[in-house]
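Chemist: Okay, handing you the structure first.
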Amino acid sequence: MRCTVDSLEQNLRDVENKLEKLQDKIALEEAFAKKANVRYEQNLRAFEKYFPDIYQRFIAYNPKQDFQLDVNPDGTANIIDYDTKVPMYSQTPIEQVEAQVKETLAKPELSRVDFSSVEFIEDTADFLHVRVMNKVGKAFNKAKAELEENLLVDKTIPSKVIFGIGLGYHLQPLLEATKACYITIFEPNEDYFFASLFSFDWAKYLKQVDDDGSYLYIGIGDSEEDMYQTLYQRAKSIGAFSISNSFFYLHYKSQSVANLVSKIKENFHQFFMGWGFVDDALMSVAHSIGVAEKNPNMLDQAVKLPKPVEQFPIFIVANGPSLDKDIEFIKSHIDKVIVVACNSASTALLTQGICPDFHVALERTKETYDLLEAVISEEERQKINLLVLNVMYPDVLDLFGWSGVALKGSEPGTVLFQLGVFLESKTLMPTIGYSNPLVGNTALSFFAHLGFSDIYLFGVDNGYVDEAHHHSKASFYYDEEGNSKLDSIKMGAEFEVEGNFGQTVITEPFLYTGKEQMDRLISSFAGTNLQCYNCSDGAKIEGATPLRSSEIILGSSATSKEQAINFVKENAFKKLNLQGSLEDLLSFDIFEQICNTMIEILEQPINNRGDALKNVIEHLRYLMSFKAEERYLHLYLILEGETLYINSVLLSLLFNFGDEKNIIPYFKEALAHWIDFLKIAPEQYRERWNVLSDHDFVFTESK
């Protein structure tokens with residue numbers, strides 16, 4: 001009986017303890033809820049001020065049904081991880097996160113780029129760009145040889161990329177540990193960010209970031225591709241230094257974040273390609289003015305093609321090795337399709353008795369003129385229509401019976417062209433997107449923007465299976481015995497990618513960027529009538545349907561090939577008849593003022609890394625301010641490429657080697673070359689604004 005009484009008393013005590021704990025928990029949750037709701041209101045007001053789009057998105061947000069925010073015994077919040085189904089944090093998350101931050105800073109994940117090869121770039125075309133890059137590269141290699149590698153996170157850094165917000169506990173410690181000029185925060189899970197509005201003081205964080213003068217991007221609920229494109233586009237718009245010198249912080253494990261990190265590593269080369277440089281920019285100005293003076297036929301994207309013309313099949317033919325297997329198919333259907341040849345592909349087609357309807361050229365130097373004049377006869381050229389961009393060597397337009405021109409984006413010459421048109425007609429001429437780096441990109445962009453809906457790609461390989469078979473053997477790259485006459489051009493280390501028909505294809509960064517640009521172009525036409533079929537035995541193109549030539553079925557058309565071509569030439573292009581001269585818009589004095597101001601900023605005292613970074617970022621932001629000045633946007637674009645190239649090397653030198661102090665002499669040595677460039681740039685502009693390319697075409701026989 002005694003045992004029964006004891007057991008009953010113990011059970012009563014257990015119940016009392018549980019009730020007390022339950023009451024404590026209820027009191028704890030009530031106290032947390034009271035504070036959390038106040039914090040939520042304050043955070044929303046802060047986002048309304050700094051990020052109105054995020055405010056609008058979460059003002060009436062409803063999380064998923066299994067959303068579970070708990071309270072720890074110490075009064076902090078915890079959340080059930082959707083992937084693991086267990087709490088994301090321990091019962092003392094503040095201590096846990098402080099340990100995580102300390103551990104990550106001790107062994108940080110840093111993006112470092114080795115610019116050792118810059119010193120040894122060959123100056124084959126007498127480019128100012130190469131000469132200044134060589135000098136800065138020499139200073140880079142000197143620092144690399146004489147100083148130890150810097151593996152620490154400095155108090156002030158160019159960029160910080162944070163993967164995962166969770167409940168936000170790590171954000172403030174990271175902000176206090178290291179200040180970054182550019183902060184990017186990705187949170188794939190919208191519910192986690194919503195929870196952080198109750199647990200983290202975003203209002204304080206956003207104000208401090210603003211007071212620090214840092215640029216903050218917050219991506220919430222983005223896919224891996226969206227997150228990657230954010231970093232990619234930022235590298236293109238403000239410079240690869242914003243990603244090449246990043247401190248990466250991973251807050252919690254996530255498959256989407258793991259996929260993103262993998263994608264960044266695989267495609268890192270893309271962040272450092274396609275900027276252009278000063279010689280290219282001045283050539284852009286000279287060639288665009290020269291093209292404008294010829295009063296060319298300019299693409300009018302406002303014209304809508306009649307259905308029979310829109311649906312007329314377009315065969316875009318590039319000179320990849322897989323073209324050889326499809327030439328006979330193209331030849332047998334020549335009357336039913338419009339054949340568009342990408343530069344050297346014309347020689348392959350003409351050799352096989354196929355006269356292309358359009359020839360597309362991209363390379364802007366005089367080399368294009370020399371090549372076309374040498375390898376395509378005058379008689380053949382008069383039968384072919386030419387399509388080029390406004391930065392083309394002007395005399396190329398005179399080689400063909402008819403020529404059409406479109407505007408290329410992000411070019412100083414294009415902005416001058418647009419400005420001249422706008423001042424006369426108050427209309428803005430659009431560019432065609434994703435038109436480089438390969439001529440296949442130009443051709444696809446032209447016909448997509450023209451409005452054609454049925455496009456087939458041949459020889460658009462963006463790679464090769466056999467290194468000795470790098471182009472069609474019917475083209476001028478090979479002799480009559482099929483031996484290569486020209487060396488295959490490589491722009492970086494080779495790597496393997498998925499092929500269009502499932503096989504493995506060898507590519508390299510330049511070719512792969514062309515493939516990625518096609519991916520982006522096709523994606524940009526999502527929701528339209530565009531259907532693109534990839535018949536090439538090369539790299540897979542996202543959005544293009546793999547289709548072997550033997551599977552193509554061409555129906556009858558309500559219009560003839562000649563009628564379709566004539567409609568395009570007569571209606572989709574127009575003469576501008578500009579009355580004013582683009583020369584009047586060059587603004588030499590303003591350009592000189594820009595360069596002088598950049599020099600003044602860079603010559604401010606430098607005693608440590610923080611000073612150096614401050615000056616570099618300040619002069620970059622000053623230059624970027626002219627992106628919003630439509631009247632002077634072309635001046636920004638003249639300097640943009642050179643600035644992005646040089647400052648990526650400068651900041652890599654600054655942060656890759658040495659410590660806070662001993663790196664400074666090396667940095668100043670490299671910086672002096674950049675300042676010297678800015679001093680002569682105004683004179684270069686005045687002297688070279690009308691100087692056309694003189695880079696001649698010369699055959700280089702392979703060994």
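How things are named: the first chain in the structure tokens is A, the next is B, and so on; residues count from 1 in each chain; ligands count from 1 in the order shown.
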I'd like the contact shell of Val505 of chain A - 10 Å cut-off, only C-alpha atoms, skipping same-chain residues fewer than 2 positions apart - returned as a compact mmCIF listing (two decimals) with N, CA and C atoms, in the first residue's frame.

Modeler:
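The new file around20.txt reads:
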# COMPACT_ATOMS: atom_id res chain seq x y z
N ASP A 461 28.45 24.19 -83.23
CA ASP A 461 28.93 23.14 -82.33
C ASP A 461 29.42 23.68 -80.99
N ASN A 462 29.96 24.89 -80.99
CA ASN A 462 30.53 25.47 -79.76
C ASN A 462 31.49 24.49 -79.09
N GLY A 463 32.22 23.75 -79.90
CA GLY A 463 33.17 22.76 -79.40
C GLY A 463 33.49 21.76 -80.50
N TYR A 464 34.15 20.67 -80.12
CA TYR A 464 34.53 19.67 -81.11
C TYR A 464 34.86 18.36 -80.39
N VAL A 465 34.80 17.29 -81.15
CA VAL A 465 35.15 15.98 -80.62
C VAL A 465 36.61 15.67 -80.91
N ASP A 466 37.06 16.08 -82.11
CA ASP A 466 38.44 15.85 -82.55
C ASP A 466 39.13 17.20 -82.71
N PHE A 495 37.59 21.70 -71.57
CA PHE A 495 36.82 20.89 -70.63
C PHE A 495 35.68 20.23 -71.38
N GLU A 496 35.08 19.23 -70.77
CA GLU A 496 34.03 18.45 -71.44
C GLU A 496 32.65 18.91 -70.99
N VAL A 497 31.69 18.92 -71.93
CA VAL A 497 30.31 19.29 -71.63
C VAL A 497 29.36 18.31 -72.30
N GLU A 498 28.11 18.37 -71.91
CA GLU A 498 27.09 17.51 -72.51
C GLU A 498 26.84 17.89 -73.96
N GLY A 499 26.77 16.89 -74.81
CA GLY A 499 26.53 17.14 -76.22
C GLY A 499 25.05 17.23 -76.55
N ASN A 500 24.76 17.75 -77.73
CA ASN A 500 23.38 17.94 -78.16
C ASN A 500 22.63 16.62 -78.28
N GLY A 502 23.66 13.82 -76.65
CA GLY A 502 24.02 12.96 -75.53
C GLY A 502 25.48 12.61 -75.40
N GLN A 503 26.26 12.84 -76.46
CA GLN A 503 27.68 12.50 -76.39
C GLN A 503 28.45 13.57 -75.62
N THR A 507 35.11 21.53 -75.23
CA THR A 507 34.96 22.95 -75.49
C THR A 507 36.00 23.72 -74.69
N ASP A 537 25.96 18.50 -84.14
CA ASP A 537 26.49 17.44 -83.28
C ASP A 537 27.57 18.04 -82.38
N GLY A 538 27.16 19.03 -81.57
CA GLY A 538 28.08 19.73 -80.68
C GLY A 538 27.50 19.87 -79.30
N ALA A 539 27.82 20.98 -78.63
CA ALA A 539 27.37 21.20 -77.26
C ALA A 539 25.85 21.42 -77.22
N LYS A 540 25.23 20.92 -76.19
CA LYS A 540 23.80 21.11 -76.00
C LYS A 540 23.49 22.57 -75.74

Chemist: Enumerate the residues of segment 442-659 of chain A with a DSSP assignment of alpha helix (DSSP H), computed from the backbone, and present them as a ChimeraX atom specification.

Modeler: /A:442-450,509-524,561-571,588-602,609-624,633-656

Chemist: Of the residues A:Asn297, A:Gln42, A:Gln56, A:Gln418, which is the one nearest to Ala203 of chain A, using only C-alpha atoms?

Modeler: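 When distances to Ala203 of chain A are compared using only C-alpha atoms, the smallest one comes from A:Gln42.
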
Chemist: Please provide the set of residues having any atom within 9 Å of Val360 of chain A, restricted to only C-alpha atoms, with same-chain residues fewer than 4 positions apart removed, written as a VMD selection string.

Modeler: chain A and resid 340 to 343 385 to 388 439 to 440 442 to 443

Chemist: Using only C-alpha atoms, determine which residues lie at most 7 Å from segment 300-308 of chain A, disregarding the query and same-chain residues fewer than 3 positions distant; provide the list as a ChimeraX atom specification.

Modeler: /A:311-312,449-451,557-559,572-574

Chemist: Write out as a list in words which residues come within 12 Å of Ser625 of chain A when counting only C-alpha atoms, dropping same-chain ones fewer than 3 positions away.

Modeler: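 Skipping anything fewer than 3 positions along the chain leaves Ile238, Ile594, Met598, Glu618, His619, Leu620, Arg621, Tyr622, Ala628, Glu629, Glu630, Tyr632, Leu633, Leu635, Tyr636, Leu637 and Glu640 of chain A.
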
Chemist: For the residues in that selection, give me C-alpha atoms as a PDB file, in the first residue's frame.

Modeler:
ATOM      1  CA  ILE A 238      30.250  46.562 -61.855  1.00  0.00           C
ATOM      2  CA  ILE A 594      36.162  62.260 -66.025  1.00  0.00           C
ATOM      3  CA  MET A 598      39.338  59.478 -61.388  1.00  0.00           C
ATOM      4  CA  GLU A 618      35.230  55.409 -54.989  1.00  0.00           C
ATOM      5  CA  HIS A 619      36.763  55.997 -58.426  1.00  0.00           C
ATOM      6  CA  LEU A 620      34.826  53.034 -59.855  1.00  0.00           C
ATOM      7  CA  ARG A 621      31.546  54.335 -58.478  1.00  0.00           C
ATOM      8  CA  TYR A 622      32.302  57.789 -59.831  1.00  0.00           C
ATOM      9  CA  ALA A 628      22.834  57.075 -65.883  1.00  0.00           C
ATOM     10  CA  GLU A 629      23.920  60.074 -67.986  1.00  0.00           C
ATOM     11  CA  GLU A 630      22.470  59.311 -71.407  1.00  0.00           C
ATOM     12  CA  TYR A 632      27.647  60.868 -71.786  1.00  0.00           C
ATOM     13  CA  LEU A 633      27.011  57.136 -71.605  1.00  0.00           C
ATOM     14  CA  LEU A 635      32.194  58.104 -72.464  1.00  0.00           C
ATOM     15  CA  TYR A 636      31.551  55.613 -69.691  1.00  0.00           C
ATOM     16  CA  LEU A 637      31.602  52.757 -72.207  1.00  0.00           C
ATOM     17  CA  GLU A 640      34.359  50.591 -68.890  1.00  0.00           C
TER      18      GLU A 640
END

Chemist: Nearest residue to His170 of chain A out of A:Asp226, A:Glu542, A:Glu95, A:Asp659, using only C-alpha atoms?

Modeler: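 Among the listed residues, A:Glu95 lies closest to His170 of chain A.
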
Chemist: Could you give me, as a ChimeraX atom specification, the residues within 7 Å of segment 184-197 of chain A, counting only C-alpha atoms and dropping anything in the same chain fewer than 5 positions from it?

Modeler: /A:40,43,63,160-168,216-223

Chemist: Go ahead and save the picked residues with N, CA and C atoms, as a short mmCIF file (atom, residue, chain, number, x, y, z; two decimals), in the first residue's frame.

Modeler:
data_model
loop_
_atom_site.label_atom_id
_atom_site.label_comp_id
_atom_site.auth_asym_id
_atom_site.auth_seq_id
_atom_site.Cartn_x
_atom_site.Cartn_y
_atom_site.Cartn_z
N TYR A 40 9.00 42.40 -35.85
CA TYR A 40 8.44 42.20 -37.19
C TYR A 40 7.96 43.53 -37.78
N ASN A 43 10.99 45.70 -38.56
CA ASN A 43 11.70 45.19 -39.73
C ASN A 43 10.97 45.51 -41.02
N PRO A 63 3.27 31.51 -44.74
CA PRO A 63 4.22 30.41 -44.93
C PRO A 63 3.51 29.09 -45.18
N LYS A 160 31.29 40.20 -50.09
CA LYS A 160 30.89 39.14 -49.18
C LYS A 160 29.62 38.51 -49.73
N VAL A 161 29.66 37.19 -49.92
CA VAL A 161 28.49 36.46 -50.44
C VAL A 161 28.05 35.47 -49.37
N ILE A 162 26.84 35.65 -48.87
CA ILE A 162 26.31 34.83 -47.79
C ILE A 162 25.21 33.93 -48.32
N PHE A 163 25.39 32.63 -48.15
CA PHE A 163 24.40 31.65 -48.59
C PHE A 163 23.60 31.20 -47.38
N GLY A 164 22.36 31.60 -47.31
CA GLY A 164 21.48 31.20 -46.23
C GLY A 164 21.29 32.28 -45.18
N ILE A 165 20.03 32.61 -44.92
CA ILE A 165 19.69 33.56 -43.87
C ILE A 165 19.25 32.82 -42.61
N GLY A 166 18.50 31.71 -42.79
CA GLY A 166 17.98 31.01 -41.63
C GLY A 166 17.19 31.99 -40.77
N LEU A 167 17.54 32.07 -39.49
CA LEU A 167 16.90 33.05 -38.60
C LEU A 167 17.74 34.31 -38.43
N GLY A 168 18.83 34.41 -39.19
CA GLY A 168 19.59 35.66 -39.26
C GLY A 168 20.62 35.90 -38.18
N LEU A 216 24.03 46.40 -50.93
CA LEU A 216 23.45 45.14 -50.46
C LEU A 216 22.43 44.61 -51.45
N TYR A 217 22.57 43.32 -51.81
CA TYR A 217 21.57 42.63 -52.61
C TYR A 217 21.06 41.44 -51.81
N ILE A 218 19.75 41.31 -51.73
CA ILE A 218 19.14 40.18 -51.02
C ILE A 218 18.26 39.41 -52.01
N GLY A 219 18.60 38.15 -52.23
CA GLY A 219 17.82 37.29 -53.12
C GLY A 219 17.06 36.28 -52.29
N ILE A 220 15.74 36.28 -52.38
CA ILE A 220 14.91 35.41 -51.56
C ILE A 220 14.08 34.49 -52.46
N GLY A 221 14.18 33.20 -52.20
CA GLY A 221 13.38 32.24 -52.95
C GLY A 221 13.85 32.03 -54.38
N ASP A 222 15.08 32.47 -54.69
CA ASP A 222 15.60 32.32 -56.06
C ASP A 222 16.05 30.89 -56.31
N SER A 223 15.95 30.48 -57.57
CA SER A 223 16.49 29.19 -57.99
C SER A 223 18.01 29.30 -58.08
#

Chemist: From the set A:Ala286, A:Ala564, A:Met518, A:Val132, which residue has the shortest atom-to-atom contact distance to Cys532 of chain A, counting only C-alpha atoms?

Modeler: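 Smallest separation from Cys532 of chain A among the options: A:Met518.
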
Chemist: List the spatial neighbours of segment 402-407 of chain A as a VMD selection string - criterion: any atom at most 10 Å away, only C-alpha atoms, same-chain residues fewer than 4 positions off excluded.

Modeler: chain A and resid 288 291 to 292 296 to 301 358 to 360 381 to 392 396 to 398 411 413 to 415 417 to 418 429 to 433 435 442 445 to 446 449 568 to 569 572 to 575

Chemist: Report the residues of segment 270-344 of chain A whose backbone DSSP state falls under strand (DSSP E or B), written as a list of chain:residue names.

Modeler: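 Answer for segment 270-344 of chain A, restricted to strand (DSSP E or B): A:Asn297, A:Met298, A:Leu299, A:Ile314, A:Phe315, A:Ile316, A:Val317, A:Ile338, A:Val339, A:Val340, A:Ala341, A:Cys342.
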
Chemist: Could you tell me how far atom CA of Ala670 of chain A lies from atom CA of Ala139 of chain A, in Å and to one decimal?

Modeler: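 That distance, rounded to one decimal, is 5.4 Å.
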
Chemist: Measuring atom to atom with only C-alpha atoms, identify which of A:Ile338, A:Phe655, A:Ile606, A:Ser254 is nearest to Gln563 of chain A.

Modeler: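 Result for the nearest residue to Gln563 of chain A: A:Ile338.
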
Chemist: Return the single residue from A:Glu516, A:Glu424, A:Asp66, A:Glu583 that is closest to Asn690 of chain A, with distances computed using only C-alpha atoms.

Modeler: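 Looking only at the distances to Asn690 of chain A, the closest residue turns out to be A:Glu583.
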
Chemist: Could you check the closest approach to Asp584 of chain A for each of A:Phe667, A:Phe200, A:Phe567, A:Trp689 and tell me which residue wins, using only C-alpha atoms?

Modeler: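 Counting only C-alpha atoms, the residue closest to Asp584 of chain A is A:Trp689.
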